[in-house]
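J.: Have a look at this one.
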Amino acid sequence: MDILMILAEAARSAVGPVAAIYALAAVGLNLHFGYTGLLNFGQVGFMLVGAYGVGISVAVFDLPVLVGFLVGLGCALVLALLLGIPTLRLRADYLAITTIAAAEVLRLVYRAGFAEPVTNGVYGLQNLSSGFREVNPFDAGGRYGFGAMTFTGNQMWLMAVTWGLVALFAVFTWLLIHSPWGRVIKGVREDEDAVRSLGKNVFAYKMQALVLGGLIGALAGAMLAVHQGAIQPDQFKPQVTFFLWVILLLGGAGRVFGPIIGSMAFWFLMNFTDGFLKGLGREGLLPFLDGPDYGAIQLAFVGLLLVLLIVFRPQGLIGDRKEMLINVK
Amino acid sequence: MRTRLVTVLLALITAFLVIPGAVATADEQGGESLHGQIGQPDDRDLGVEGIEIAVFEGDDEIEAATTDSDGNWEVGLPGPGDYRVVVDQESIPSEYEVRETVLLVEGEAEVAVEADEQRPLIIALDEAGAAAEEPAETESPEGGDATEGEEEAPADDEALEVEGVSGGFGDRFAQLTAAGLLFGLVIAVSAIGLSLIFGTTQIINFSHGDMVTFGAMMALLFSSGAAGMGNSLLAIFAGLGVAILLGAFMEGRLGRTLLIVLQWTAIFGGIALATLVGVLGDGIDWQVPLWLAAVIAVAMGAVLGGTMERYLWRPLRKRNVALIQMFIVSIGVALVLRHVILVLFGANRTRYAGFQVQELVHLGPVSMPPRDLVIIGVALVVLVLVACLLQFTRIGKAMRAVSDNRDLAESSGIDVDRVTLYVWLLGGGLASLGGVLFGLNQVVDYEMGFRLLLLMFAAVILGGLGTAYGAMVGGLAVGLVAMLSTLWFPAQLMNAWALALMILMLLIRPQGLLGSRERVG
């Protein structure tokens with residue numbers, strides 16, 4: 001087992017396309033939870049509508065991929081409004097249950113039989129990335145990078161766009177949070193009633209935050225569709241949301257760089273444990289485990305990480321402990 | 001410290017950069033390939049063996065593959081480019097045919113493969129003749145697909161199986177009502193714990209669903225022969241159980257140090273015993289009937305709940321961890337529990353042996369297998385017992401008092417920590433029982449509890465978060481809505497309707513049917 005090689009592969013995935021996509025979705029979640037204190041456990045629902053916006057536009061109606069992105073964003077806007085109007089007046093724990101339920105309902109609807117003409121049911125949609133790859137400035141067959149950090153041209157193009165979006169929205173978040181709007185949002189997180197007593201419309205501010213974060217989530221979903229070239233409803237299970245929460249808490253909620261650092265660290269750890277377990281398995285050191293068990297152990301490890309983070313370091317890698325100890329109401 | 005970290009990081013980065021790229025790419029197992037898995041139409045987890053797939057570039061066949069026993073196939077490709085994939089119709093078992101999709105026409109598909117892409121290709125099978133039996137009036141092939149989707153719905157893991165539903169609308173209504181009643185009772189049994197736990201500790205316990213799975217798995221383990229692993233698990237849980245009971249009953253009567261020593265002795269004794277019987281392996285083999293296995297499972301579920309309260313939640317409460325954080329911890333616990341179960345028991349979908357095929361009992365318009373009648377009976381008895389416990393016993397009254405107002409209960413002299421422990425014991429036991437009943441009615445697999453969890457949330461919110469009776473009423477309502485929705489809508493959406501009912505309830509009456517108004521802030 002070559003430990004250096006496993007580390008290199010893990011480091012490669014930490015800057016790779018998947019890490020970028022999850023970072024983008026976590027930036028949206030950061031706006032929800034980190035700054036506004038909304039317990040959104042349905043971020044995967046936004047990713048799903050974003051991905052299917054692209055998928056249905058491209059694969060079923062043969063529209064250009066850019067139109068698909070706009071359709072996805074439009075769907076996310078509608079979803080955020082539908083979700084927010086009934087639930088944003090409720091207590092945080094109700095919001096959590098409702099959002100996770102709404103995301104599951106969406107997944108069930110998209111995979112259901114009656115939607116099959118548009119969504120192709122459980123089989124999902126294929127051939128989604130050609131439109132995106134046509135405008136690829138990199139040489140599709142070429143290799144870029146040095147040493148262990150090598151990516152194909154298509155990967156480079158996707159990474160460039162996604163990390164670009166991440167950077168864009170990180171700057172956007174920074175600007176927002178340091179504006180008067182951002183101060184109100186943080187006030188909502190700390191004490192809703194106090195903000196309300198100052199004459200602010202708390203519901204409207206929460207709704208704006210939900211819509212903004214949801215749109216960013218949808219964009220991440222759209223990038224996922226373009227990256228994979230094929231989407232299936234069952235890849236948008238609640239687990240994705242849990243990953244995003246680990247990423248956010250690992251990096252540090254309420255910090256502009258939190259989700260970015262979190263995503264890189266999370267995918268580094270995921271791929272490292274995967275490579276490490278597989279390496280041990282090849283050496284014959286884990287005779288009582290089969291191949292599929294490694295994935296399960298990895299997910300159990302994610303759960304353990306979540307517990308340990310909350311118990312011992314709720315502020316994550318770069319967060320502010322004081323900020324995260326506040327009991328969000 | 002910080003500079004040292006930076007140095008290590010820099011050293012690592014340098015190391016990656018000097019690793020030659022060629023070696024790194026060799027790890028990617030040689031460039032381009034096509035792969036996929038072909039499963040049976042009624043259960044995609046079961047592969048179809050021996051289907052031949054050939055890949056052509058232009059007119060030249062370059063590679064061919066045959067699916068293995070799990071239905072997996074993989075074809076290595078010489079390089080990026082456009083390929084034509086042909087599924088050999090002759091090699092497909094006569095009861096199936098290749099499903100036509102946008103990409104796959106008459107068993108042939110054109111695919112473009114990028115450099116270094118390991119591309120999946122979905123090839124699905126249908127029952128032969130399914131397309132031919134489609135009603136003639138469906139205009140487009142898409143319409144036909146949609147009806148097929150409904151036909152394969154019963155095998156879909158998002159929908160539940162209901163036996164013996166047929167006949168006219170009235171008959172089906174009666175049968176589905178009975179099925180909904182059964183489902184609702186199962187949800188109610190599992191959800192009481194969730195509601196009481198929320199009431200006493202304000203934690204929304206995301207791991208409750210996996211406690212349900214735990215119960216079903218334990219009953220499966222002990223009813224199908226508990227060698228090695230079963231003995232070990234039993235030993236560990238016995239140790240934990242002794243420790244918790246010691247804590248519950250002997251606190252205050254024994255010295256603090258002695259108590260702690262005794263508790264940890266019990267736990268480590270359990271672990272040591274588990275190692276011992278684990279080493280003995282299958283030497284001690286025993287098997288009990290399902291009802292006894294269910295009793296063991298309920299006891300172990302109670303111990304699991306008690307252990308989580310005593311060794312996780314109580315310390316967290318003492319540290320003043322915020323509720324939101326507790327909520328996230330419970331998600332972590334759920335992930336750990338679910339995947340440990342997955343590692344230990346595998347991803348198979350199993351049924352309790354001996355209860356699969358049963359003669360239907362006819363009661364007027366309703367016919368159901370005897371096992372379903374037993375489930376309904378057990379669930380009703382348990383619900384009545386729990387209601388009596390809550391209504392008439394001291395500890396039950398204390399539970400309701402703590403659930404209603406924790407601070408007030410504490411100031412009137414109730415030992416809140418002990419009551420909370422009892423609530424977790426009760427909740428864990430009931431969740432396990434719910435799991436056994438659900439598994440008896442459906443199949444046992446590692447995700448069953450998570451599928452039930454959202455319905456339990458729906459039940460609890462519908463009835464009123466924190467009230468035990470609300471969970472019962474809500475469970476019944478959710479079960480009935482889920483089942484009756486299949487009268488008009490596809491079975492795949494039954495859970496969606498239950499969740500939609502919950503969202504609707506939050507709009508109209510957020511405190512739930514039996515909740516009091518000021519609960520919702």
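If you're wondering about the labels, chains in the structure tokens are A, B, ... by order shown, residues count from 1 in each chain, ligands from 1 in order shown.
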Could you list the residues in chain A lying within 6 Å of chain B, using only C-alpha atoms, and format the result as a list in words?

T.: Ala8, Pro86, Arg91, Val105, Ala112, Gly113, Phe114, Glu116, Pro117, Gly141, Gly147, Ala148, Asp293, Ala296, Ala300, Gly303, Leu304, Leu306, Val307 and Asn327 of chain A

J.: Would you save the residues of that selection, restricted to N, CA and C atoms, as an mmCIF file, in the first residue's frame?

T.:
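Saved the output as out15.cif:
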```cif
data_model
loop_
_atom_site.group_PDB
_atom_site.id
_atom_site.type_symbol
_atom_site.label_atom_id
_atom_site.label_comp_id
_atom_site.auth_asym_id
_atom_site.auth_seq_id
_atom_site.Cartn_x
_atom_site.Cartn_y
_atom_site.Cartn_z
ATOM 1 N N ALA A 8 -2.033 11.556 -2.317
ATOM 2 C CA ALA A 8 -2.033 12.361 -3.537
ATOM 3 C C ALA A 8 -3.388 12.299 -4.216
ATOM 4 N N PRO A 86 -45.159 28.733 3.819
ATOM 5 C CA PRO A 86 -45.766 28.097 4.998
ATOM 6 C C PRO A 86 -44.816 27.941 6.187
ATOM 7 N N ARG A 91 -41.203 27.574 14.052
ATOM 8 C CA ARG A 91 -39.963 27.426 14.791
ATOM 9 C C ARG A 91 -38.956 26.647 13.956
ATOM 10 N N VAL A 105 -40.292 14.540 -1.000
ATOM 11 C CA VAL A 105 -41.472 14.541 -1.871
ATOM 12 C C VAL A 105 -41.046 14.831 -3.308
ATOM 13 N N ALA A 112 -41.400 9.179 -10.023
ATOM 14 C CA ALA A 112 -42.667 8.458 -10.115
ATOM 15 C C ALA A 112 -43.007 8.133 -11.560
ATOM 16 N N GLY A 113 -43.891 7.155 -11.730
ATOM 17 C CA GLY A 113 -44.250 6.670 -13.050
ATOM 18 C C GLY A 113 -44.894 7.727 -13.922
ATOM 19 N N PHE A 114 -45.768 8.553 -13.333
ATOM 20 C CA PHE A 114 -46.520 9.476 -14.185
ATOM 21 C C PHE A 114 -45.638 10.577 -14.751
ATOM 22 N N GLU A 116 -42.725 10.081 -15.929
ATOM 23 C CA GLU A 116 -41.700 9.442 -16.740
ATOM 24 C C GLU A 116 -41.491 10.060 -18.133
ATOM 25 N N PRO A 117 -42.561 10.567 -18.797
ATOM 26 C CA PRO A 117 -42.310 11.182 -20.108
ATOM 27 C C PRO A 117 -41.279 12.297 -20.036
ATOM 28 N N GLY A 141 -9.045 16.295 -25.000
ATOM 29 C CA GLY A 141 -8.277 15.069 -24.798
ATOM 30 C C GLY A 141 -7.005 15.293 -24.011
ATOM 31 N N GLY A 147 2.484 16.552 -11.855
ATOM 32 C CA GLY A 147 2.584 15.534 -10.815
ATOM 33 C C GLY A 147 1.292 14.746 -10.705
ATOM 34 N N ALA A 148 0.865 14.521 -9.459
ATOM 35 C CA ALA A 148 -0.349 13.742 -9.240
ATOM 36 C C ALA A 148 -1.603 14.543 -9.557
ATOM 37 N N ASP A 293 -18.700 -2.967 1.816
ATOM 38 C CA ASP A 293 -18.707 -2.491 3.194
ATOM 39 C C ASP A 293 -17.889 -1.224 3.362
ATOM 40 N N ALA A 296 -19.965 1.783 3.305
ATOM 41 C CA ALA A 296 -20.774 1.907 4.516
ATOM 42 C C ALA A 296 -19.924 2.423 5.665
ATOM 43 N N ALA A 300 -20.477 5.747 7.898
ATOM 44 C CA ALA A 300 -20.505 5.718 9.357
ATOM 45 C C ALA A 300 -19.475 6.704 9.895
ATOM 46 N N GLY A 303 -20.828 10.134 9.848
ATOM 47 C CA GLY A 303 -21.697 10.361 10.995
ATOM 48 C C GLY A 303 -20.903 10.640 12.251
ATOM 49 N N LEU A 304 -19.868 9.850 12.465
ATOM 50 C CA LEU A 304 -19.034 10.016 13.646
ATOM 51 C C LEU A 304 -18.368 11.387 13.644
ATOM 52 N N LEU A 306 -19.503 14.054 12.265
ATOM 53 C CA LEU A 306 -20.530 15.044 12.592
ATOM 54 C C LEU A 306 -20.695 15.154 14.108
ATOM 55 N N VAL A 307 -20.806 13.986 14.774
ATOM 56 C CA VAL A 307 -20.993 13.985 16.224
ATOM 57 C C VAL A 307 -19.793 14.626 16.911
ATOM 58 N N ASN A 327 -27.940 29.692 20.581
ATOM 59 C CA ASN A 327 -29.032 28.762 20.335
ATOM 60 C C ASN A 327 -30.016 29.411 19.370
#
```

J.: Val378 in chain B: which residues within 12 Å, counting only C-alpha atoms, same-chain residues fewer than 6 positions away excluded, as a list in words?

T.: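 Everything that qualifies: Leu182, Leu185, Val186, Val189, Trp291, Ala294, Arg371, Asp372, Val384, Leu385, Leu430, Leu433, Gly434, Val436, Leu437 and Phe438 of chain B.
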
J.: Could you turn the residues from that selection into a file that holds C-alpha atoms, as a PDB file, in the first residue's frame?

T.:
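In the end it all went to result.pdb:
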```pdb
ATOM      1  CA  LEU B 182     -52.294  -1.671   9.930  1.00  0.00           C
ATOM      2  CA  LEU B 185     -50.750   1.279  13.879  1.00  0.00           C
ATOM      3  CA  VAL B 186     -47.156   0.355  13.048  1.00  0.00           C
ATOM      4  CA  VAL B 189     -46.196   2.286  17.847  1.00  0.00           C
ATOM      5  CA  TRP B 291     -42.191 -13.945  19.061  1.00  0.00           C
ATOM      6  CA  ALA B 294     -39.153  -9.995  19.086  1.00  0.00           C
ATOM      7  CA  ARG B 371     -49.800 -12.405  10.202  1.00  0.00           C
ATOM      8  CA  ASP B 372     -51.382  -9.019   9.468  1.00  0.00           C
ATOM      9  CA  VAL B 384     -53.650   0.451  25.021  1.00  0.00           C
ATOM     10  CA  LEU B 385     -50.971  -0.654  27.486  1.00  0.00           C
ATOM     11  CA  LEU B 430     -41.419   0.646  21.155  1.00  0.00           C
ATOM     12  CA  LEU B 433     -41.348  -3.415  18.330  1.00  0.00           C
ATOM     13  CA  GLY B 434     -42.503  -1.156  15.505  1.00  0.00           C
ATOM     14  CA  VAL B 436     -40.469  -6.052  14.040  1.00  0.00           C
ATOM     15  CA  LEU B 437     -44.094  -5.401  13.076  1.00  0.00           C
ATOM     16  CA  PHE B 438     -43.102  -3.364  10.019  1.00  0.00           C
TER      17      PHE B 438
END
```

J.: Do you know which residues are at most 8 Å from range 263-279 of chain A counting only C-alpha atoms, after dropping those on the same chain fewer than 4 positions away, and could you put them as an MDAnalysis selection string?

T.: chainID A and resid 1:3 6:7 9:11 13:15 19:20 22:23 26 246:248 250:251 259 283 291 294:295 298

J.: For the selection just defined, write its residues with C-alpha atoms to a file, as a compact mmCIF listing (two decimals), in the first residue's frame.

T.:
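Contents of the output file again-v7.txt:
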```
# COMPACT_ATOMS: atom_id res chain seq x y z
CA MET A 1 0.00 0.00 0.00
CA ASP A 2 1.41 3.31 -1.08
CA ILE A 3 0.29 5.83 1.50
CA ILE A 6 -3.44 7.58 -1.53
CA LEU A 7 -2.72 11.01 -0.07
CA GLU A 9 -5.26 10.93 -4.92
CA ALA A 10 -7.18 12.37 -1.96
CA ALA A 11 -5.58 15.77 -2.50
CA SER A 13 -10.14 14.99 -5.30
CA ALA A 14 -10.07 17.87 -2.81
CA VAL A 15 -9.71 20.33 -5.67
CA ALA A 19 -15.53 19.12 -4.23
CA ALA A 20 -16.23 22.29 -6.21
CA TYR A 22 -20.40 20.57 -3.03
CA ALA A 23 -18.58 23.75 -2.05
CA ALA A 26 -22.57 24.61 0.84
CA VAL A 246 -20.83 18.14 7.55
CA ILE A 247 -18.99 20.30 5.03
CA LEU A 248 -20.45 23.47 6.47
CA LEU A 250 -16.35 21.18 9.30
CA GLY A 251 -15.30 24.37 7.59
CA PRO A 259 -17.89 25.99 3.06
CA GLU A 283 -3.13 -6.19 1.73
CA GLY A 291 -15.85 -4.44 -0.99
CA TYR A 294 -16.03 0.15 2.67
CA GLY A 295 -18.64 2.64 1.48
CA GLN A 298 -17.08 5.64 5.16
```

J.: Have a look at CA of Leu194 in chain B and CA of Ala431 in chain B and let me know their distance in Å, one decimal.

T.: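 These two atoms are separated by 8.5 Å.
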
J.: Residues at most 10 Å from range 394-403 of chain B, counting only C-alpha atoms, excluding those fewer than 2 positions away in the same chain, as a count of residues only?

T.: 34
